[in-house]
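Asks: Below: one structure in structure tokens.
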Amino acid sequence: MAGKREKPEEIVSKLRQVEVLLGQGMTVAEAVRQIGVTQQTFYRWRKLYGGMGRSQLARLKELEKENQRLRRAVSDLTLDKLILTEAAKGNF
């Protein structure tokens with residue numbers, strides 16, 4: 001059964017909710033149950049987004065988009081290079 005996939009902004013918000021609930025004396029299991037995720041999901045989210053603010057999250061998104069664009073450019077240039085080396089050898 002697949003659940004809905006939360007956006008990073010929602011994840012950061014839920015992590016902060018858990019921090020508040022833990023500060024009020026709840027256990028991790030109770031706090032995680034209250035936000036509607038499993039403990040495994042909570043710990044995975046905390047590893048990825050723990051301590052991250054909204055501005056850092058926006059910067060992370062920008063860097064991921066730029067990284068994706070650069071990877072695409074490198075793969076295109078590599079393909080062009082392979083085509084040109086094959087054409088230079090005369091094997092076409």
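Letters A, B, ... go to the chains of the structure tokens in the order shown; residues in each chain start at 1; ligands are counted from 1 in the same order.
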Fewer than 6 positions away in the same chain doesn't count, so skip those; otherwise give me all residues within 9 Å of Gln39 in chain A, counting only C-alpha atoms, as a list in words.
Replies: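 Neighbouring residues, sequence-local ones excluded: Val28, Ala29, Val32 and Arg33 of chain A.
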Asks: If we count only C-alpha atoms and set the cut-off at 10 Å, which residues sit around range 49-64 of chain A, ignoring sequence neighbours fewer than 6 positions away in its own chain? Please answer as a ChimeraX atom specification.
Replies: /A:8-9,11-13,15-16,42-43,70
Asks: Just how far from CA of Glu66 in chain A is CA of Leu79 in chain A, in Å to one decimal?
Replies: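 If I compute the distance from CA of Leu79 in chain A to CA of Glu66 in chain A, I get 20.1 Å.
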Asks: May I ask for the distance between CA of Arg71 in chain A and CA of Lys4 in chain A, given in Å to one decimal place?
Replies: 28.6 Å
Asks: DSSP on the backbone, alpha helix (DSSP H) only: what residues of chain A does that give? Format it as an MDAnalysis selection string.
Replies: chainID A and resid 8:23 28:35 39:49 54:89
Asks: What separation in Å, quoted to one decimal, exists between CA of Arg69 in chain A and CA of Leu82 in chain A?
Replies: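 Answer for the CA of Arg69 in chain A to CA of Leu82 in chain A separation: 20.2 Å.
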